[in-house]
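Data from data_23.cif: mmCIF, C-alpha atoms
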```cif
data_my_file
loop_
_atom_site.label_atom_id
_atom_site.label_comp_id
_atom_site.auth_asym_id
_atom_site.auth_seq_id
_atom_site.Cartn_x
_atom_site.Cartn_y
_atom_site.Cartn_z
CA MET A 1 22.11 12.85 -8.42
CA ASN A 2 23.88 9.51 -8.09
CA ARG A 3 22.66 7.71 -5.01
CA THR A 4 24.93 5.58 -2.84
CA PRO A 5 23.91 1.92 -2.55
CA ILE A 6 23.28 0.67 0.97
CA ILE A 7 21.97 -2.52 2.56
CA LEU A 8 19.95 -2.56 5.78
CA ALA A 9 20.59 -4.91 8.69
CA TRP A 10 17.11 -6.33 9.24
CA SER A 11 16.07 -7.92 12.54
CA GLY A 12 12.37 -8.06 11.65
CA GLY A 13 11.45 -5.43 14.22
CA LYS A 14 10.24 -1.86 14.43
CA ASP A 15 13.54 0.03 14.72
CA CYS A 16 14.98 -1.36 11.49
CA LEU A 17 11.59 -0.66 9.91
CA MET A 18 11.89 3.01 10.87
CA ALA A 19 15.48 3.01 9.58
CA LEU A 20 14.15 1.62 6.30
CA GLN A 21 11.64 4.45 6.10
CA ARG A 22 14.39 7.00 6.72
CA LEU A 23 16.65 5.52 4.04
CA ARG A 24 13.88 5.52 1.45
CA ALA A 25 13.15 9.17 2.19
CA ASP A 26 16.80 10.26 1.88
CA PRO A 27 17.91 10.95 -1.72
CA GLN A 28 21.50 10.17 -0.77
CA TRP A 29 20.79 6.45 -0.49
CA GLN A 30 19.72 3.67 -2.80
CA LEU A 31 18.42 0.84 -0.61
CA THR A 32 19.44 -2.43 -2.26
CA GLY A 33 18.07 -5.02 0.15
CA LEU A 34 17.92 -6.50 3.64
CA LEU A 35 20.60 -8.41 5.55
CA THR A 36 19.42 -10.75 8.30
CA THR A 37 21.28 -13.05 10.69
CA VAL A 38 19.42 -16.35 10.76
CA ASN A 39 19.73 -19.12 13.31
CA ARG A 40 20.02 -22.07 10.94
CA THR A 41 19.48 -24.66 13.69
CA TYR A 42 16.01 -23.39 14.56
CA GLY A 43 15.10 -21.59 11.33
CA ARG A 44 14.56 -18.23 13.00
CA ILE A 45 15.97 -14.72 13.06
CA ALA A 46 18.69 -14.53 15.69
CA MET A 47 17.67 -12.78 18.93
CA HIS A 48 14.10 -11.97 17.90
CA GLY A 49 13.10 -15.59 17.28
CA ILE A 50 10.99 -14.70 14.23
CA ARG A 51 10.26 -17.67 11.98
CA HIS A 52 12.12 -17.91 8.68
CA ASP A 53 8.93 -18.03 6.60
CA VAL A 54 7.73 -14.84 8.32
CA LEU A 55 11.07 -13.19 7.49
CA LEU A 56 10.62 -14.13 3.83
CA ALA A 57 7.08 -12.74 3.92
CA GLN A 58 8.34 -9.48 5.42
CA ALA A 59 10.95 -9.04 2.67
CA ASP A 60 8.35 -9.79 0.00
CA ALA A 61 5.81 -7.36 1.46
CA LEU A 62 8.48 -4.66 1.70
CA GLY A 63 9.56 -5.30 -1.89
CA LEU A 64 13.22 -5.88 -1.05
CA PRO A 65 15.67 -8.71 -1.75
CA LEU A 66 17.02 -10.61 1.26
CA ILE A 67 20.57 -11.69 2.04
CA GLU A 68 20.93 -14.16 4.91
CA ALA A 69 23.87 -14.55 7.28
CA ALA A 70 23.21 -18.11 8.43
CA MET A 71 24.85 -19.61 11.50
CA ASP A 72 24.34 -22.60 13.76
CA TRP A 73 23.32 -22.60 17.41
CA PRO A 74 25.07 -22.38 19.74
CA GLY A 75 27.48 -20.09 17.95
CA SER A 76 30.40 -17.92 19.00
CA ASN A 77 30.89 -14.25 18.23
CA GLU A 78 33.60 -15.31 15.80
CA ALA A 79 31.08 -17.53 13.98
CA TYR A 80 28.65 -14.60 13.82
CA GLU A 81 31.29 -12.31 12.35
CA ASP A 82 32.31 -14.93 9.79
CA ALA A 83 28.68 -15.45 8.73
CA HIS A 84 28.13 -11.70 8.53
CA ALA A 85 31.27 -11.19 6.44
CA ALA A 86 30.21 -13.96 4.05
CA ALA A 87 26.77 -12.39 3.66
CA LEU A 88 28.30 -8.99 2.95
CA ALA A 89 30.56 -10.55 0.33
CA GLU A 90 27.48 -12.10 -1.28
CA ALA A 91 25.79 -8.70 -1.27
CA GLN A 92 28.81 -7.08 -2.92
CA GLN A 93 28.74 -9.66 -5.68
CA ARG A 94 25.06 -8.93 -6.28
CA TRP A 95 25.40 -5.14 -6.11
CA PRO A 96 28.85 -3.98 -7.25
CA GLY A 97 29.87 -0.78 -5.50
CA LEU A 98 27.93 -1.61 -2.34
CA ARG A 99 30.07 -0.62 0.66
CA HIS A 100 27.55 0.72 3.22
CA CYS A 101 25.36 -1.10 5.74
CA ALA A 102 22.68 0.64 7.81
CA PHE A 103 21.52 -0.29 11.31
CA GLY A 104 18.54 0.75 13.42
CA ASP A 105 20.56 1.43 16.58
CA LEU A 106 19.49 4.44 18.62
CA PHE A 107 21.89 5.34 21.44
CA LEU A 108 24.08 2.48 22.70
CA GLU A 109 27.56 3.70 21.82
CA ASP A 110 29.32 0.40 22.52
CA VAL A 111 27.04 -1.36 20.01
CA ARG A 112 27.60 1.35 17.41
CA ASP A 113 31.38 1.27 17.89
CA TYR A 114 31.42 -2.52 17.53
CA ARG A 115 29.51 -2.35 14.26
CA ILE A 116 31.86 0.32 12.91
CA ARG A 117 34.89 -1.79 13.78
CA GLN A 118 33.35 -4.99 12.44
CA LEU A 119 32.45 -3.47 9.08
CA GLY A 120 35.67 -1.49 8.85
CA ARG A 121 37.75 -4.66 8.82
CA GLY A 122 36.16 -5.55 5.49
CA GLY A 123 36.29 -2.06 4.01
CA TRP A 124 32.63 -1.33 4.76
CA ARG A 125 31.07 1.71 6.40
CA ALA A 126 28.24 1.68 8.93
CA HIS A 127 25.36 4.15 8.80
CA PHE A 128 22.83 4.83 11.57
CA PRO A 129 19.78 6.71 10.22
CA LEU A 130 18.04 6.95 13.62
CA TRP A 131 21.08 7.62 15.79
CA GLY A 132 20.48 10.03 18.69
CA GLU A 133 16.75 10.41 18.14
CA ASP A 134 14.49 10.78 21.14
CA THR A 135 13.07 7.29 21.67
CA THR A 136 9.83 8.53 23.20
CA ALA A 137 9.12 10.68 20.16
CA LEU A 138 10.21 7.91 17.79
CA SER A 139 7.95 5.30 19.39
CA GLN A 140 4.99 7.66 19.35
CA ARG A 141 5.60 8.54 15.71
CA LEU A 142 5.76 4.87 14.76
CA VAL A 143 2.32 4.31 16.26
CA ALA A 144 0.86 7.56 14.88
CA GLU A 145 1.99 6.78 11.33
CA GLY A 146 0.25 3.42 11.38
CA HIS A 147 3.25 1.07 11.48
CA ARG A 148 2.22 -2.30 12.93
CA ALA A 149 4.38 -4.33 15.29
CA ALA A 150 4.07 -6.61 18.30
CA LEU A 151 6.38 -7.69 21.11
CA CYS A 152 7.87 -11.10 20.30
CA CYS A 153 10.49 -11.26 23.07
CA VAL A 154 10.68 -9.74 26.55
CA ASP A 155 13.63 -9.73 28.96
CA THR A 156 11.77 -10.59 32.15
CA GLN A 157 14.53 -9.07 34.27
CA GLN A 158 13.57 -5.68 32.82
CA LEU A 159 9.88 -6.01 31.90
CA ASP A 160 7.04 -8.26 33.01
CA ALA A 161 6.49 -11.30 30.78
CA SER A 162 2.81 -10.40 30.37
CA HIS A 163 3.81 -7.74 27.84
CA CYS A 164 5.11 -10.36 25.42
CA GLY A 165 2.77 -10.85 22.46
CA ARG A 166 1.12 -7.45 22.86
CA ASP A 167 0.73 -5.04 19.97
CA PHE A 168 3.17 -2.15 19.97
CA ASP A 169 0.54 0.56 20.27
CA ARG A 170 -0.46 3.54 22.38
CA ALA A 171 -1.84 1.33 25.15
CA LEU A 172 1.46 -0.54 25.40
CA LEU A 173 3.49 2.67 25.51
CA ASP A 174 1.27 4.02 28.26
CA ALA A 175 1.70 0.79 30.24
CA LEU A 176 5.51 0.62 30.10
CA PRO A 177 7.24 1.29 33.45
CA SER A 178 9.19 4.54 33.62
CA GLY A 179 12.57 2.77 33.60
CA VAL A 180 11.90 0.92 30.34
CA ASP A 181 13.00 2.58 27.13
CA PRO A 182 9.92 2.98 24.87
CA CYS A 183 11.88 1.52 21.97
CA GLY A 184 13.40 -1.27 24.07
CA GLU A 185 16.87 -0.09 23.12
CA ARG A 186 18.48 -1.61 26.21
CA GLY A 187 17.13 -5.02 25.27
CA GLU A 188 13.96 -4.80 27.36
CA PHE A 189 11.97 -6.22 24.45
CA HIS A 190 12.13 -7.07 20.75
CA THR A 191 9.39 -6.69 18.16
CA ILE A 192 8.06 -8.19 14.96
CA SER A 193 6.83 -5.78 12.24
CA PHE A 194 3.89 -6.93 10.14
CA GLY A 195 2.10 -3.99 8.53
CA GLY A 196 1.74 -0.30 7.91
CA PRO A 197 2.65 2.24 5.24
CA LEU A 198 5.90 0.55 4.17
CA PHE A 199 4.29 -2.84 3.54
CA ARG A 200 2.68 -3.54 0.18
CA HIS A 201 0.22 -5.66 2.15
CA PRO A 202 0.00 -6.55 5.85
CA LEU A 203 1.14 -9.95 7.00
CA LYS A 204 -1.61 -12.16 8.36
CA LEU A 205 -0.24 -13.66 11.53
CA ARG A 206 -1.59 -15.65 14.42
CA ARG A 207 -0.08 -15.77 17.86
CA GLY A 208 1.36 -19.10 18.84
CA GLU A 209 2.88 -20.43 22.02
CA SER A 210 4.61 -18.23 24.60
CA VAL A 211 7.59 -19.82 26.35
CA LEU A 212 10.28 -18.77 28.82
CA ARG A 213 13.83 -19.59 27.73
CA ASP A 214 17.04 -19.55 29.75
CA GLY A 215 14.95 -18.68 32.79
CA ARG A 216 14.78 -15.10 31.57
CA PHE A 217 13.55 -14.41 28.03
CA GLN A 218 9.85 -14.73 27.25
CA PHE A 219 9.18 -15.45 23.56
CA THR A 220 5.84 -15.34 21.77
CA ASP A 221 5.70 -17.22 18.49
CA PHE A 222 4.01 -15.63 15.47
CA LEU A 223 2.96 -17.82 12.57
CA LEU A 224 1.80 -17.01 9.07
CA ASP A 225 -1.87 -17.80 8.65
CA ASP A 226 -3.70 -16.82 5.48
CA ASP A 227 -7.02 -17.48 7.16
CA ALA A 228 -6.26 -15.56 10.33
CA THR A 229 -7.30 -12.08 11.31
CA GLN A 230 -4.35 -9.70 11.28
CA ALA A 231 -2.37 -10.00 14.52
#
```

This structure in structure tokens:
Amino acid sequence: MNRTPIILAWSGGKDCLMALQRLRADPQWQLTGLLTTVNRTYGRIAMHGIRHDVLLAQADALGLPLIEAAMDWPGSNEAYEDAHAAALAEAQQRWPGLRHCAFGDLFLEDVRDYRIRQLGRGGWRAHFPLWGEDTTALSQRLVAEGHRAALCCVDTQQLDASHCGRDFDRALLDALPSGVDPCGERGEFHTISFGGPLFRHPLKLRRGESVLRDGRFQFTDFLLDDDATQA
């Protein structure tokens, strides 16, 4: 059976990690690599704030090549789309026949529709391996299967800042208020993945500074540390 090549939009967090697992288990797809939007000004993954060297370590530990859509900060949506299109063109040059991009989105239809339109303008097709799944069941399965992640960003208008930096584990899920999606799909929080069954080896991280930005978003920095205990 000829498998269809596909690239995965990689934010560094748990949902795209679960999408990666689903793609690898599906004989329809041949996962070629990861595509990440990087804030070039600060050297971090856009939105999640994950350091660039941690991103490179994630890709290495997952055994996948990385394509970067680099943009400056502040940047417009037009600049994001231009950077994304350039990265997709780079991916097509590297893997001829590549026309599909996967995302870890779960249920926000406006986000899905935007991605479909954005990719469609360049002749690409979007794929959503986790779409419509129950987020409670998905979050519990992630923990039960031994995937390792931690909260690296919290929207303090939706969740208390004290949750930032915590491991994404059973205790965290039990502590989340009832109105917070257990996968943070409405932007309540973002995560950094660093270990588990998909990683060839866990990343050794140490927690750095926690800061509040824009009066709303609490970020916890995670740094590579070969001498540190696993985060």

Across A:Gln118, A:Phe194, A:Gly165, A:Asp155, the smallest distance to Glu78 in chain A, with all atoms listed in the file counted, is shown by A:Gln118

Give me, as a Markdown table, each residue of range 40-125 of chain A that comes within 8 Å of range 6-11 of chain A, together with its shortest interatomic pair and the distance in Å at one decimal, counting only C-alpha atoms, with rows ordered by chain and rising residue number.
```
| residue | atom | partner | partner_atom | distance |
| --- | --- | --- | --- | --- |
| A:Ile45 | CA | A:Ser11 | CA | 6.8 |
| A:Ala46 | CA | A:Ser11 | CA | 7.8 |
| A:His48 | CA | A:Ser11 | CA | 7.0 |
| A:Leu98 | CA | A:Ile6 | CA | 6.1 |
| A:Arg99 | CA | A:Ile6 | CA | 6.9 |
| A:His100 | CA | A:Ile6 | CA | 4.8 |
| A:Cys101 | CA | A:Ile7 | CA | 4.9 |
| A:Ala102 | CA | A:Leu8 | CA | 4.7 |
| A:Phe103 | CA | A:Ala9 | CA | 5.4 |
| A:Gly104 | CA | A:Ala9 | CA | 7.7 |
```

Residues near Asp221 in chain A, cut-off 12 Å, only C-alpha atoms, skip fewer than 6 positions along chain, as a list in words | Arg44, Ile45, His48, Gly49, Ile50, Arg51, His52, Val54, Ala150, Leu151, Cys152, Cys153, Cys164, Gly165, Arg166, Thr191, Ile192, Leu205, Arg206, Arg207, Gly208, Glu209, Ser210, Val211, Leu212 and Ala231 of chain A

Counting all atoms listed in the file, what is within 12 Å of Asp26 in chain A, bar same-chain residues fewer than 3 positions away, as number ranges by chain?
-> A: 1, 3-6, 19-23, 29-31, 129

Picked residues, the PyMOL selection byres ((chain A and resi 148) around 12), as a PyMOL selection string = chain A and resi 12-15+17-18+139+141-147+149-151+166-170+191-199+201-205+230-231

What separates CA of Asp82 in chain A and CA of Gly43 in chain A is a distance of 18.5 Å

What gap, in Å, lies between CA of Ala57 in chain A and CA of Leu35 in chain A?
->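 Here the two named atoms are 14.3 Å from each other.
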
Tell me, in Å to one decimal, how far CA of Cys16 in chain A is from CA of Gly215 in chain A.
-> 27.5 Å

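Restricting the calculation to all atoms listed in the file, the smallest distance between Leu56 in chain A and any of A:Phe217, A:Leu224, A:Asn2, A:Pro74 is found for A:Leu224.
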
Nearest to Arg115 in chain A among A:Val38, A:Ala85, A:Ala69, A:Ala61, with distances taken over all atoms listed in the file: which residue is it?
->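 Counting all atoms listed in the file, the residue closest to Arg115 in chain A is A:Ala85.
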
Using only C-alpha atoms: which of A:Thr220, A:Met47, A:Leu55, A:Trp95 has the shortest distance to Thr32 in chain A | A:Trp95

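The closest residue to Asn77 in chain A, picked from A:Ser162, A:Tyr114, A:Arg24, A:Asp105 and counting only C-alpha atoms, is A:Tyr114.
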
Point out the residue among A:Ala171, A:Tyr80, A:Leu159, A:Pro96 with the least atom-to-atom distance to Gly187 in chain A, counting all atoms listed in the file.
->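 Residue with the minimum atom-to-atom distance to Gly187 in chain A: A:Leu159.
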
For Ala87 in chain A, work out the shell of residues within 7 Å, counting all atoms listed in the file and skipping chain neighbours fewer than 2 positions away, then give it as an MDAnalysis selection string.
-> chainID A and resid 67:69 83:85 89:91

As lines of an AutoDock Vina configuration file: centre and edge lengths in Å, one decimal, of the axis-aligned box holding range 68-81 of chain A with 4 Å per side:
```
center_x = 27.3
center_y = -17.5
center_z = 12.3
size_x = 20.7
size_y = 18.3
size_z = 22.8
```
